[in-house]
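J.: This is the content of data-v9.cif (mmCIF, C-alpha atoms and all ligand atoms):
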```
data_upload
loop_
_atom_site.group_PDB
_atom_site.id
_atom_site.type_symbol
_atom_site.label_atom_id
_atom_site.label_comp_id
_atom_site.auth_asym_id
_atom_site.auth_seq_id
_atom_site.Cartn_x
_atom_site.Cartn_y
_atom_site.Cartn_z
ATOM 1 C CA MET K 201 -16.846 10.439 14.218
ATOM 2 C CA LYS K 202 -16.502 13.777 12.573
ATOM 3 C CA ASN K 203 -20.147 13.829 11.526
ATOM 4 C CA PRO K 204 -22.361 11.628 13.713
ATOM 5 C CA GLU K 205 -25.563 12.778 11.967
ATOM 6 C CA HIS K 206 -24.215 11.542 8.641
ATOM 7 C CA VAL K 207 -23.285 8.196 10.228
ATOM 8 C CA GLN K 208 -26.751 7.901 11.732
ATOM 9 C CA ARG K 209 -28.384 8.721 8.405
ATOM 10 C CA VAL K 210 -26.343 6.147 6.495
ATOM 11 C CA ILE K 211 -26.897 3.411 9.082
ATOM 12 C CA SER K 212 -30.662 4.090 9.036
ATOM 13 C CA ALA K 213 -30.683 3.896 5.233
ATOM 14 C CA LEU K 214 -28.716 0.631 5.274
ATOM 15 C CA ARG K 215 -31.183 -0.859 7.743
ATOM 16 C CA LYS K 216 -34.251 0.398 5.881
ATOM 17 C CA GLU K 217 -33.102 -0.869 2.496
ATOM 18 C CA GLY K 218 -32.333 -4.311 3.822
ATOM 19 C CA THR K 219 -29.871 -7.115 3.378
ATOM 20 C CA ASP K 220 -30.512 -7.664 -0.346
ATOM 21 C CA LYS K 221 -28.860 -4.381 -1.206
ATOM 22 C CA LEU K 222 -25.864 -4.677 1.106
ATOM 23 C CA GLN K 223 -22.304 -5.774 0.485
ATOM 24 C CA VAL K 224 -19.250 -5.500 2.723
ATOM 25 C CA ILE K 225 -15.832 -4.642 1.318
ATOM 26 C CA SER K 226 -12.885 -5.114 3.633
ATOM 27 C CA ASP K 227 -9.136 -4.937 3.762
ATOM 28 C CA PHE K 228 -7.455 -7.908 5.442
ATOM 29 C CA ASP K 229 -4.142 -7.165 7.181
ATOM 30 C CA MET K 230 -4.517 -5.014 10.284
ATOM 31 C CA THR K 231 -8.256 -4.619 9.563
ATOM 32 C CA LEU K 232 -9.677 -8.115 9.943
ATOM 33 C CA SER K 233 -6.444 -9.318 11.516
ATOM 34 C CA ARG K 234 -5.087 -7.843 14.748
ATOM 35 C CA PHE K 235 -2.421 -5.168 14.769
ATOM 36 C CA GLY K 236 -1.065 -6.166 18.162
ATOM 37 C CA PHE K 237 -1.522 -8.482 21.107
ATOM 38 C CA ASN K 238 -0.031 -8.057 24.595
ATOM 39 C CA GLY K 239 2.166 -5.229 23.396
ATOM 40 C CA ARG K 240 3.591 -7.194 20.476
ATOM 41 C CA ARG K 241 2.893 -6.625 16.797
ATOM 42 C CA CYS K 242 0.905 -9.315 15.036
ATOM 43 C CA PRO K 243 2.063 -10.442 11.598
ATOM 44 C CA THR K 244 0.613 -9.383 8.264
ATOM 45 C CA SER K 245 0.062 -12.135 5.692
ATOM 46 C CA HIS K 246 3.500 -11.308 4.262
ATOM 47 C CA ASN K 247 5.078 -11.402 7.741
ATOM 48 C CA ILE K 248 3.568 -14.851 8.337
ATOM 49 C CA LEU K 249 5.841 -16.094 5.554
ATOM 50 C CA ASP K 250 8.785 -13.830 6.508
ATOM 51 C CA ASN K 251 8.872 -15.128 10.078
ATOM 52 C CA SER K 252 8.458 -18.804 9.206
ATOM 53 C CA ARG K 253 11.036 -21.556 9.357
ATOM 54 C CA VAL K 254 11.052 -21.947 5.585
ATOM 55 C CA ILE K 255 12.828 -18.589 5.150
ATOM 56 C CA SER K 256 16.609 -18.516 5.568
ATOM 57 C CA GLU K 257 18.192 -16.324 8.246
ATOM 58 C CA GLU K 258 19.569 -14.026 5.561
ATOM 59 C CA GLY K 259 16.247 -13.813 3.712
ATOM 60 C CA ARG K 260 14.433 -12.953 6.935
ATOM 61 C CA LYS K 261 16.888 -10.152 7.687
ATOM 62 C CA LYS K 262 16.492 -8.673 4.212
ATOM 63 C CA LEU K 263 12.686 -8.804 4.466
ATOM 64 C CA LYS K 264 12.822 -7.118 7.863
ATOM 65 C CA ASP K 265 15.104 -4.390 6.482
ATOM 66 C CA LEU K 266 12.579 -3.749 3.707
ATOM 67 C CA LEU K 267 9.767 -3.468 6.245
ATOM 68 C CA GLN K 268 11.768 -1.041 8.375
ATOM 69 C CA TYR K 269 12.531 1.130 5.379
ATOM 70 C CA TYR K 270 9.184 1.114 3.559
ATOM 71 C CA TYR K 271 6.551 0.819 6.341
ATOM 72 C CA PRO K 272 7.175 4.383 7.634
ATOM 73 C CA ILE K 273 6.704 5.596 4.061
ATOM 74 C CA GLU K 274 3.482 3.589 3.718
ATOM 75 C CA ILE K 275 1.890 5.258 6.743
ATOM 76 C CA ASP K 276 3.413 8.751 6.320
ATOM 77 C CA LEU K 277 0.576 11.178 5.678
ATOM 78 C CA ASN K 278 2.842 14.023 4.620
ATOM 79 C CA GLN K 279 4.062 12.267 1.511
ATOM 80 C CA PRO K 280 1.608 12.437 -1.413
ATOM 81 C CA MET K 281 0.158 9.173 -2.745
ATOM 82 C CA GLU K 282 1.663 9.762 -6.192
ATOM 83 C CA GLU K 283 5.116 9.741 -4.621
ATOM 84 C CA LYS K 284 4.358 6.745 -2.457
ATOM 85 C CA ARG K 285 2.914 4.580 -5.229
ATOM 86 C CA PRO K 286 6.220 3.774 -7.032
ATOM 87 C CA LEU K 287 7.873 3.164 -3.666
ATOM 88 C CA MET K 288 5.182 0.649 -2.732
ATOM 89 C CA VAL K 289 5.678 -1.150 -6.068
ATOM 90 C CA GLU K 290 9.382 -1.231 -5.205
ATOM 91 C CA TRP K 291 8.690 -2.706 -1.732
ATOM 92 C CA TRP K 292 6.286 -5.379 -2.960
ATOM 93 C CA THR K 293 8.536 -6.310 -5.887
ATOM 94 C CA LYS K 294 11.642 -6.651 -3.715
ATOM 95 C CA ALA K 295 9.752 -8.601 -1.039
ATOM 96 C CA HIS K 296 8.191 -10.969 -3.574
ATOM 97 C CA ASN K 297 11.573 -11.549 -5.238
ATOM 98 C CA LEU K 298 13.089 -12.460 -1.881
ATOM 99 C CA LEU K 299 10.211 -14.863 -1.197
ATOM 100 C CA LEU K 300 10.713 -16.447 -4.626
ATOM 101 C CA GLU K 301 14.345 -17.227 -3.724
ATOM 102 C CA GLN K 302 13.131 -19.311 -0.784
ATOM 103 C CA LYS K 303 11.467 -22.044 -2.860
ATOM 104 C CA ILE K 304 8.358 -22.055 -0.698
ATOM 105 C CA LEU K 305 6.189 -25.173 -1.051
ATOM 106 C CA LYS K 306 2.430 -24.953 -1.494
ATOM 107 C CA SER K 307 2.132 -27.922 0.842
ATOM 108 C CA ASP K 308 3.884 -25.938 3.616
ATOM 109 C CA ILE K 309 1.456 -23.004 3.679
ATOM 110 C CA ALA K 310 -1.019 -24.559 6.127
ATOM 111 C CA LYS K 311 1.773 -25.426 8.579
ATOM 112 C CA ILE K 312 3.366 -21.978 8.207
ATOM 113 C CA VAL K 313 0.042 -20.359 9.098
ATOM 114 C CA ARG K 314 -0.623 -22.754 11.974
ATOM 115 C CA GLU K 315 2.778 -22.013 13.523
ATOM 116 C CA SER K 316 2.465 -18.237 13.079
ATOM 117 C CA GLU K 317 1.299 -15.630 15.571
ATOM 118 C CA VAL K 318 -1.470 -14.299 13.334
ATOM 119 C CA MET K 319 -4.735 -13.453 15.080
ATOM 120 C CA LEU K 320 -8.023 -12.146 13.792
ATOM 121 C CA ARG K 321 -9.616 -9.277 15.706
ATOM 122 C CA ASP K 322 -11.841 -10.217 18.626
ATOM 123 C CA GLY K 323 -15.367 -10.716 17.347
ATOM 124 C CA ALA K 324 -14.199 -11.992 13.970
ATOM 125 C CA ASN K 325 -16.273 -15.168 14.222
ATOM 126 C CA THR K 326 -19.448 -13.186 14.865
ATOM 127 C CA PHE K 327 -18.594 -10.868 11.977
ATOM 128 C CA PHE K 328 -18.016 -13.648 9.428
ATOM 129 C CA ASP K 329 -20.921 -15.768 10.653
ATOM 130 C CA GLN K 330 -23.427 -12.875 10.598
ATOM 131 C CA LEU K 331 -22.582 -12.020 7.012
ATOM 132 C CA HIS K 332 -22.738 -15.667 6.000
ATOM 133 C CA GLN K 333 -26.067 -16.295 7.678
ATOM 134 C CA HIS K 334 -27.624 -13.294 5.942
ATOM 135 C CA ASN K 335 -26.050 -14.107 2.554
ATOM 136 C CA ILE K 336 -24.249 -10.787 2.416
ATOM 137 C CA PRO K 337 -21.285 -10.830 0.055
ATOM 138 C CA LEU K 338 -17.959 -10.055 1.712
ATOM 139 C CA PHE K 339 -15.257 -8.886 -0.638
ATOM 140 C CA ILE K 340 -11.781 -9.020 0.879
ATOM 141 C CA PHE K 341 -9.510 -6.751 -1.126
ATOM 142 C CA SER K 342 -5.975 -7.201 0.085
ATOM 143 C CA ALA K 343 -2.460 -6.229 -0.846
ATOM 144 C CA GLY K 344 -1.353 -9.204 1.242
ATOM 145 C CA VAL K 345 -0.743 -12.772 0.095
ATOM 146 C CA GLY K 346 -3.998 -14.427 -0.984
ATOM 147 C CA ASP K 347 -2.961 -18.028 -0.365
ATOM 148 C CA VAL K 348 -1.884 -17.148 3.173
ATOM 149 C CA LEU K 349 -4.911 -15.078 4.153
ATOM 150 C CA GLU K 350 -7.302 -17.700 2.798
ATOM 151 C CA GLU K 351 -5.526 -20.288 4.921
ATOM 152 C CA VAL K 352 -5.860 -18.054 8.005
ATOM 153 C CA LEU K 353 -9.619 -17.883 7.410
ATOM 154 C CA ARG K 354 -9.837 -21.618 6.731
ATOM 155 C CA GLN K 355 -8.061 -22.523 9.954
ATOM 156 C CA VAL K 356 -10.536 -20.547 12.052
ATOM 157 C CA GLU K 357 -13.394 -21.980 9.970
ATOM 158 C CA VAL K 358 -14.777 -18.693 8.689
ATOM 159 C CA PHE K 359 -13.921 -19.001 4.990
ATOM 160 C CA HIS K 360 -17.591 -19.176 4.023
ATOM 161 C CA PRO K 361 -18.923 -19.233 0.425
ATOM 162 C CA ASN K 362 -20.118 -15.596 0.629
ATOM 163 C CA ILE K 363 -16.442 -14.486 0.653
ATOM 164 C CA ASN K 364 -14.546 -13.422 -2.437
ATOM 165 C CA VAL K 365 -10.869 -12.501 -2.200
ATOM 166 C CA VAL K 366 -8.718 -10.390 -4.479
ATOM 167 C CA ALA K 367 -5.088 -10.308 -3.336
ATOM 168 C CA ASN K 368 -1.579 -11.237 -4.455
ATOM 169 C CA TYR K 369 -1.815 -14.934 -5.230
ATOM 170 C CA MET K 370 1.151 -17.271 -5.545
ATOM 171 C CA ASP K 371 1.762 -19.413 -8.575
ATOM 172 C CA PHE K 372 3.383 -22.807 -7.998
ATOM 173 C CA ASP K 373 5.141 -25.060 -10.524
ATOM 174 C CA ASP K 374 4.107 -28.676 -11.057
ATOM 175 C CA LYS K 375 6.285 -29.741 -8.125
ATOM 176 C CA GLY K 376 4.380 -27.340 -5.885
ATOM 177 C CA VAL K 377 7.275 -24.846 -5.579
ATOM 178 C CA LEU K 378 6.547 -21.105 -5.623
ATOM 179 C CA ARG K 379 7.654 -19.770 -8.994
ATOM 180 C CA ARG K 380 6.039 -16.315 -9.211
ATOM 181 C CA PHE K 381 3.290 -14.071 -7.921
ATOM 182 C CA LYS K 382 0.323 -13.646 -10.232
ATOM 183 C CA GLU K 383 -0.481 -10.315 -11.849
ATOM 184 C CA PRO K 384 -1.643 -7.674 -11.194
ATOM 185 C CA LEU K 385 0.532 -6.654 -8.271
ATOM 186 C CA ILE K 386 -1.656 -5.170 -5.538
ATOM 187 C CA HIS K 387 -0.076 -2.771 -3.063
ATOM 188 C CA THR K 388 -1.497 -0.343 -0.501
ATOM 189 C CA TYR K 389 -2.156 2.441 -2.969
ATOM 190 C CA ASN K 390 -3.624 0.721 -6.029
ATOM 191 C CA LYS K 391 -6.546 -1.013 -4.319
ATOM 192 C CA ASN K 392 -9.066 0.285 -6.818
ATOM 193 C CA ASN K 393 -10.719 -0.510 -10.103
ATOM 194 C CA THR K 394 -7.426 -0.567 -12.025
ATOM 195 C CA VAL K 395 -6.566 -3.972 -10.563
ATOM 196 C CA LEU K 396 -10.138 -5.294 -10.782
ATOM 197 C CA GLU K 397 -10.650 -4.640 -14.472
ATOM 198 C CA LYS K 398 -10.395 -8.300 -15.446
ATOM 199 C CA THR K 399 -12.735 -9.496 -12.718
ATOM 200 C CA GLU K 400 -16.483 -9.113 -12.986
ATOM 201 C CA HIS K 401 -16.857 -9.114 -9.253
ATOM 202 C CA PHE K 402 -18.673 -5.817 -8.761
ATOM 203 C CA GLN K 403 -20.759 -6.165 -11.946
ATOM 204 C CA LEU K 404 -22.124 -9.466 -10.642
ATOM 205 C CA LEU K 405 -23.231 -7.637 -7.509
ATOM 206 C CA SER K 406 -24.842 -4.717 -9.308
ATOM 207 C CA SER K 407 -27.954 -4.803 -7.109
ATOM 208 C CA ARG K 408 -25.781 -4.391 -3.996
ATOM 209 C CA THR K 409 -25.622 -0.607 -4.001
ATOM 210 C CA ASN K 410 -25.177 -0.171 -0.239
ATOM 211 C CA ILE K 411 -21.703 -0.672 1.136
ATOM 212 C CA ILE K 412 -19.911 -1.033 4.413
ATOM 213 C CA LEU K 413 -16.191 -0.524 3.829
ATOM 214 C CA LEU K 414 -13.545 -1.495 6.394
ATOM 215 C CA GLY K 415 -9.898 -0.518 6.210
ATOM 216 C CA ASP K 416 -6.848 0.561 8.150
ATOM 217 C CA SER K 417 -5.020 2.567 5.509
ATOM 218 C CA LEU K 418 -6.184 5.643 3.637
ATOM 219 C CA GLY K 419 -5.445 3.597 0.505
ATOM 220 C CA ASP K 420 -8.303 1.287 1.483
ATOM 221 C CA LEU K 421 -10.884 3.995 0.828
ATOM 222 C CA SER K 422 -10.705 3.441 -2.936
ATOM 223 C CA MET K 423 -11.605 -0.263 -2.629
ATOM 224 C CA ALA K 424 -15.254 0.410 -3.557
ATOM 225 C CA ASP K 425 -14.494 2.647 -6.538
ATOM 226 C CA GLY K 426 -15.579 -0.023 -9.012
ATOM 227 C CA VAL K 427 -19.055 -0.534 -7.525
ATOM 228 C CA PRO K 428 -21.704 0.701 -9.978
ATOM 229 C CA ASN K 429 -24.561 2.991 -8.833
ATOM 230 C CA VAL K 430 -23.492 3.295 -5.211
ATOM 231 C CA GLU K 431 -26.262 4.626 -2.977
ATOM 232 C CA ASN K 432 -25.044 4.563 0.622
ATOM 233 C CA VAL K 433 -21.537 3.937 1.921
ATOM 234 C CA LEU K 434 -20.419 3.661 5.509
ATOM 235 C CA THR K 435 -16.640 3.659 5.954
ATOM 236 C CA VAL K 436 -15.007 2.377 9.125
ATOM 237 C CA GLY K 437 -11.278 2.959 9.621
ATOM 238 C CA PHE K 438 -9.014 1.229 12.117
ATOM 239 C CA LEU K 439 -6.355 3.651 13.264
ATOM 240 C CA ASN K 440 -3.729 1.310 14.675
ATOM 241 C CA ASP K 441 -0.471 3.208 14.717
ATOM 242 C CA LYS K 442 0.776 6.801 15.108
ATOM 243 C CA VAL K 443 -2.676 7.616 16.409
ATOM 244 C CA ASP K 444 -2.171 11.189 17.605
ATOM 245 C CA GLU K 445 -0.534 12.454 14.435
ATOM 246 C CA ARG K 446 -2.940 10.697 12.079
ATOM 247 C CA ARG K 447 -6.252 11.212 13.942
ATOM 248 C CA GLY K 448 -7.258 14.369 12.037
ATOM 249 C CA LYS K 449 -6.730 12.942 8.563
ATOM 250 C CA TYR K 450 -8.459 9.676 9.467
ATOM 251 C CA ARG K 451 -11.499 11.528 10.834
ATOM 252 C CA ASP K 452 -11.688 13.571 7.648
ATOM 253 C CA ALA K 453 -11.461 10.432 5.532
ATOM 254 C CA TYR K 454 -13.439 7.731 7.373
ATOM 255 C CA ASP K 455 -16.999 8.076 8.725
ATOM 256 C CA ILE K 456 -16.066 6.163 11.878
ATOM 257 C CA VAL K 457 -12.511 5.927 13.195
ATOM 258 C CA LEU K 458 -11.628 3.247 15.739
ATOM 259 C CA GLU K 459 -8.455 4.039 17.622
ATOM 260 C CA LYS K 460 -6.338 1.142 18.820
ATOM 261 C CA ASP K 461 -9.418 -1.054 18.949
ATOM 262 C CA GLU K 462 -8.459 -4.685 18.468
ATOM 263 C CA THR K 463 -12.076 -5.802 18.160
ATOM 264 C CA LEU K 464 -14.769 -5.912 15.507
ATOM 265 C CA ASP K 465 -17.384 -5.042 18.135
ATOM 266 C CA VAL K 466 -18.437 -1.712 16.628
ATOM 267 C CA VAL K 467 -18.829 -3.237 13.182
ATOM 268 C CA ASN K 468 -20.709 -6.219 14.637
ATOM 269 C CA GLY K 469 -23.049 -3.874 16.519
ATOM 270 C CA ILE K 470 -23.820 -1.920 13.360
ATOM 271 C CA LEU K 471 -24.386 -5.143 11.400
ATOM 272 C CA CYS K 472 -26.640 -6.506 14.118
ATOM 273 C CA TYR K 473 -28.785 -3.365 13.922
ATOM 274 C CA ILE K 474 -28.867 -3.269 10.119
ATOM 275 C CA LEU K 475 -29.655 -6.964 9.824
ATOM 276 C CA GLY K 476 -32.523 -6.584 12.236
ATOM 277 C CA ASP K 477 -31.066 -8.896 14.873
ATOM 278 C CA LEU K 478 -31.354 -6.059 17.379
ATOM 279 C CA ASN K 479 -34.191 -3.651 17.846
HETATM 280 P P1 LIG L 1 -3.551 -5.374 3.280
HETATM 281 O O1 LIG L 1 -3.910 -4.670 2.024
HETATM 282 O O2 LIG L 1 -4.283 -6.684 3.433
HETATM 283 O O3 LIG L 1 -3.636 -4.522 4.497
HETATM 284 O O4 LIG L 1 -1.991 -5.837 3.129
HETATM 285 C C1 LIG L 1 -0.951 -4.997 2.938
HETATM 286 C C2 LIG L 1 -0.055 -4.858 4.129
HETATM 287 O O5 LIG L 1 1.065 -5.734 4.039
HETATM 288 C C3 LIG L 1 0.507 -3.462 4.164
HETATM 289 O O6 LIG L 1 0.047 -2.763 5.276
HETATM 290 C C4 LIG L 1 2.010 -3.645 4.226
HETATM 291 C C5 LIG L 1 2.210 -5.086 4.563
HETATM 292 N N1 LIG L 1 3.442 -5.708 3.998
HETATM 293 C C6 LIG L 1 4.259 -6.402 4.862
HETATM 294 O O7 LIG L 1 3.982 -6.497 6.064
HETATM 295 N N2 LIG L 1 5.390 -7.006 4.355
HETATM 296 C C7 LIG L 1 5.726 -6.932 3.039
HETATM 297 O O8 LIG L 1 6.747 -7.491 2.618
HETATM 298 C C8 LIG L 1 4.864 -6.199 2.160
HETATM 299 C C9 LIG L 1 5.211 -6.090 0.714
HETATM 300 C C10 LIG L 1 3.716 -5.615 2.691
HETATM 301 MG MG MG L 2 -4.348 -3.258 5.957
#
```
Here is the file; what I need is its structure written in the form of structure tokens.
Ligand code: TMP
Ligand code: MG

T.:
Amino acid sequence: MKNPEHVQRVISALRKEGTDKLQVISDFDMTLSRFGFNGRRCPTSHNILDNSRVISEEGRKKLKDLLQYYYPIEIDLNQPMEEKRPLMVEWWTKAHNLLLEQKILKSDIAKIVRESEVMLRDGANTFFDQLHQHNIPLFIFSAGVGDVLEEVLRQVEVFHPNINVVANYMDFDDKGVLRRFKEPLIHTYNKNNTVLEKTEHFQLLSSRTNIILLGDSLGDLSMADGVPNVENVLTVGFLNDKVDERRGKYRDAYDIVLEKDETLDVVNGILCYILGDLN
């Protein structure tokens, strides 16, 4: 924490003002899901598809090449966002076009997820269940694949009715074959109001003026931009990769930075305190 007094002040305000005013806004990949396990990288929602049996050898290689080229750009803090934005559109567009070539079936998604190595962070069940029990809306704002991340949540039985997801959703033809990705395209650096314009999500939650925001990219910090009349915001950032070189910028940007922490324990502790489950 760069400013522990500020963090303390915000957490006290969130607790004092109660659950009726709170909403949680979270990224999905590498924030709710694990970055690594036993020294191996865990898949993002895109990688779940990329690594599956339904993708041809050649398609998998091309998708991996894209990841190797664009991921360093995504996390490079020396390149300005304005320069990175068109490159992210390029990455997502190329990756989605490759996935479209693979004729993925809607009916295969559950099996693809089941056979994948995706894992949610330790403590995820407590996190989802606490928010559900206290009727706190959880908005998952993801540049990943909506159909896949929903299935991940369903399979671990945490896709509760308090959750609303905005992500890149697939569109299937009447035979259940993937034919396109729905608009608008969401990538790491346009997770803001520009892609939420057609949804009334935040307007419907206008009394929820206190926010806990969770992310792993600096692009995630704009996820709450569309919330009207914000009062208190607590931002928690997971710093998963290139920790030493990115620590300074993350501490400047996020209220709390968790370095290589594969758990949701800190967030769960804060929620427990705010929700009054702990005195
Ligand atoms: P998030 O917004 O839920 O974190 O999802 C975006 C992540 O997905 C981002 O960190 C980059 C990653 N990604 C892949 O792993 N493969 C891909 O093909 C694309 C387009 C993105
Ligand atoms: Mg992420």

J.: Name the residues in contact with Asn247 in chain K at a cut-off of 10 Å, using all atoms listed in the file, excluding same-chain residues fewer than 4 positions from it; report them as a ChimeraX atom specification.

T.: /K:242-243,251-252,260,263-264,267,316-318,344-345

J.: Between K:Leu439, K:Val366, K:Val430, K:Ala310, which one has atoms that come closest to ligand MG 2 (chain L), using all atoms listed in the file?

T.: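 Result for the nearest residue to ligand MG 2 (chain L): K:Leu439.
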
J.: Please identify every residue of chain K that has at least one atom no farther than 8 Å from an atom of ligand MG 2 (chain L), counting only C-alpha atoms and all ligand atoms, and for each give the shortest atom pair and the distance in Å to one decimal, arranged by chain then increasing number, as a Markdown table.

T.:
```
| residue | atom | partner | partner_atom | distance |
| --- | --- | --- | --- | --- |
| K:Asp227 | CA | L:MG2 | MG | 5.5 |
| K:Phe228 | CA | L:MG2 | MG | 5.6 |
| K:Asp229 | CA | L:MG2 | MG | 4.1 |
| K:Met230 | CA | L:MG2 | MG | 4.7 |
| K:Thr231 | CA | L:MG2 | MG | 5.5 |
| K:Ser342 | CA | L:MG2 | MG | 7.3 |
| K:Ala343 | CA | L:MG2 | MG | 7.7 |
| K:Thr388 | CA | L:MG2 | MG | 7.6 |
| K:Gly415 | CA | L:MG2 | MG | 6.2 |
| K:Asp416 | CA | L:MG2 | MG | 5.1 |
| K:Ser417 | CA | L:MG2 | MG | 5.9 |
| K:Asp420 | CA | L:MG2 | MG | 7.5 |
```

J.: At what distance in Å, to one decimal, does CA of Thr244 in chain K lie from CA of Arg354 in chain K?

T.: 16.2 Å

J.: Quick check on the file I pasted: which residues fall under the PyMOL selection byres (((chain K and resi 389) around 9) and not hetatm)? Write them as a PDB file with C-alpha atoms, keeping the file's coordinate frame.

T.:
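Listed below is the output, part-v7.pdb:
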```pdb
ATOM      1  CA  GLU K 274       3.482   3.589   3.718  1.00  0.00           C
ATOM      2  CA  MET K 281       0.158   9.173  -2.745  1.00  0.00           C
ATOM      3  CA  GLU K 282       1.663   9.762  -6.192  1.00  0.00           C
ATOM      4  CA  LYS K 284       4.358   6.745  -2.457  1.00  0.00           C
ATOM      5  CA  ARG K 285       2.914   4.580  -5.229  1.00  0.00           C
ATOM      6  CA  MET K 288       5.182   0.649  -2.732  1.00  0.00           C
ATOM      7  CA  ALA K 343      -2.460  -6.229  -0.846  1.00  0.00           C
ATOM      8  CA  ILE K 386      -1.656  -5.170  -5.538  1.00  0.00           C
ATOM      9  CA  HIS K 387      -0.076  -2.771  -3.063  1.00  0.00           C
ATOM     10  CA  THR K 388      -1.497  -0.343  -0.501  1.00  0.00           C
ATOM     11  CA  ASN K 390      -3.624   0.721  -6.029  1.00  0.00           C
ATOM     12  CA  LYS K 391      -6.546  -1.013  -4.319  1.00  0.00           C
ATOM     13  CA  ASN K 392      -9.066   0.285  -6.818  1.00  0.00           C
ATOM     14  CA  SER K 417      -5.020   2.567   5.509  1.00  0.00           C
ATOM     15  CA  LEU K 418      -6.184   5.643   3.637  1.00  0.00           C
ATOM     16  CA  GLY K 419      -5.445   3.597   0.505  1.00  0.00           C
ATOM     17  CA  ASP K 420      -8.303   1.287   1.483  1.00  0.00           C
ATOM     18  CA  SER K 422     -10.705   3.441  -2.936  1.00  0.00           C
TER      19      SER K 422
END
```

J.: Using the chain letters and numbers from this file, what does the PyMOL selection byres (((chain K and resi 413) around 8) and not hetatm) select? Give the answer as a ChimeraX atom specification.

T.: /K:224-226,411-412,414-415,421,423-424,433-436

J.: I'd like the neighbourhood of Leu222 in chain K as a list of chain:residue names, where a residue qualifies if any of its atoms comes within 7 Å (using only C-alpha atoms), though same-chain residues fewer than 2 positions away should be ignored.

T.: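 Those residues are K:Thr219, K:Asp220, K:Val224, K:Ile336, K:Arg408, K:Thr409, K:Asn410, K:Ile411.
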
J.: What separation in Å, quoted to one decimal, exists between CA of Gly426 in chain K and CA of Arg209 in chain K?

T.: 23.3 Å

J.: Within 8 Å of Gly376 in chain K, counting only C-alpha atoms, which residues show up once you throw out same-chain ones fewer than 3 positions away? Write them as a list in words, please.

T.: Leu305, Lys306, Ser307, Phe372 and Asp373 of chain K
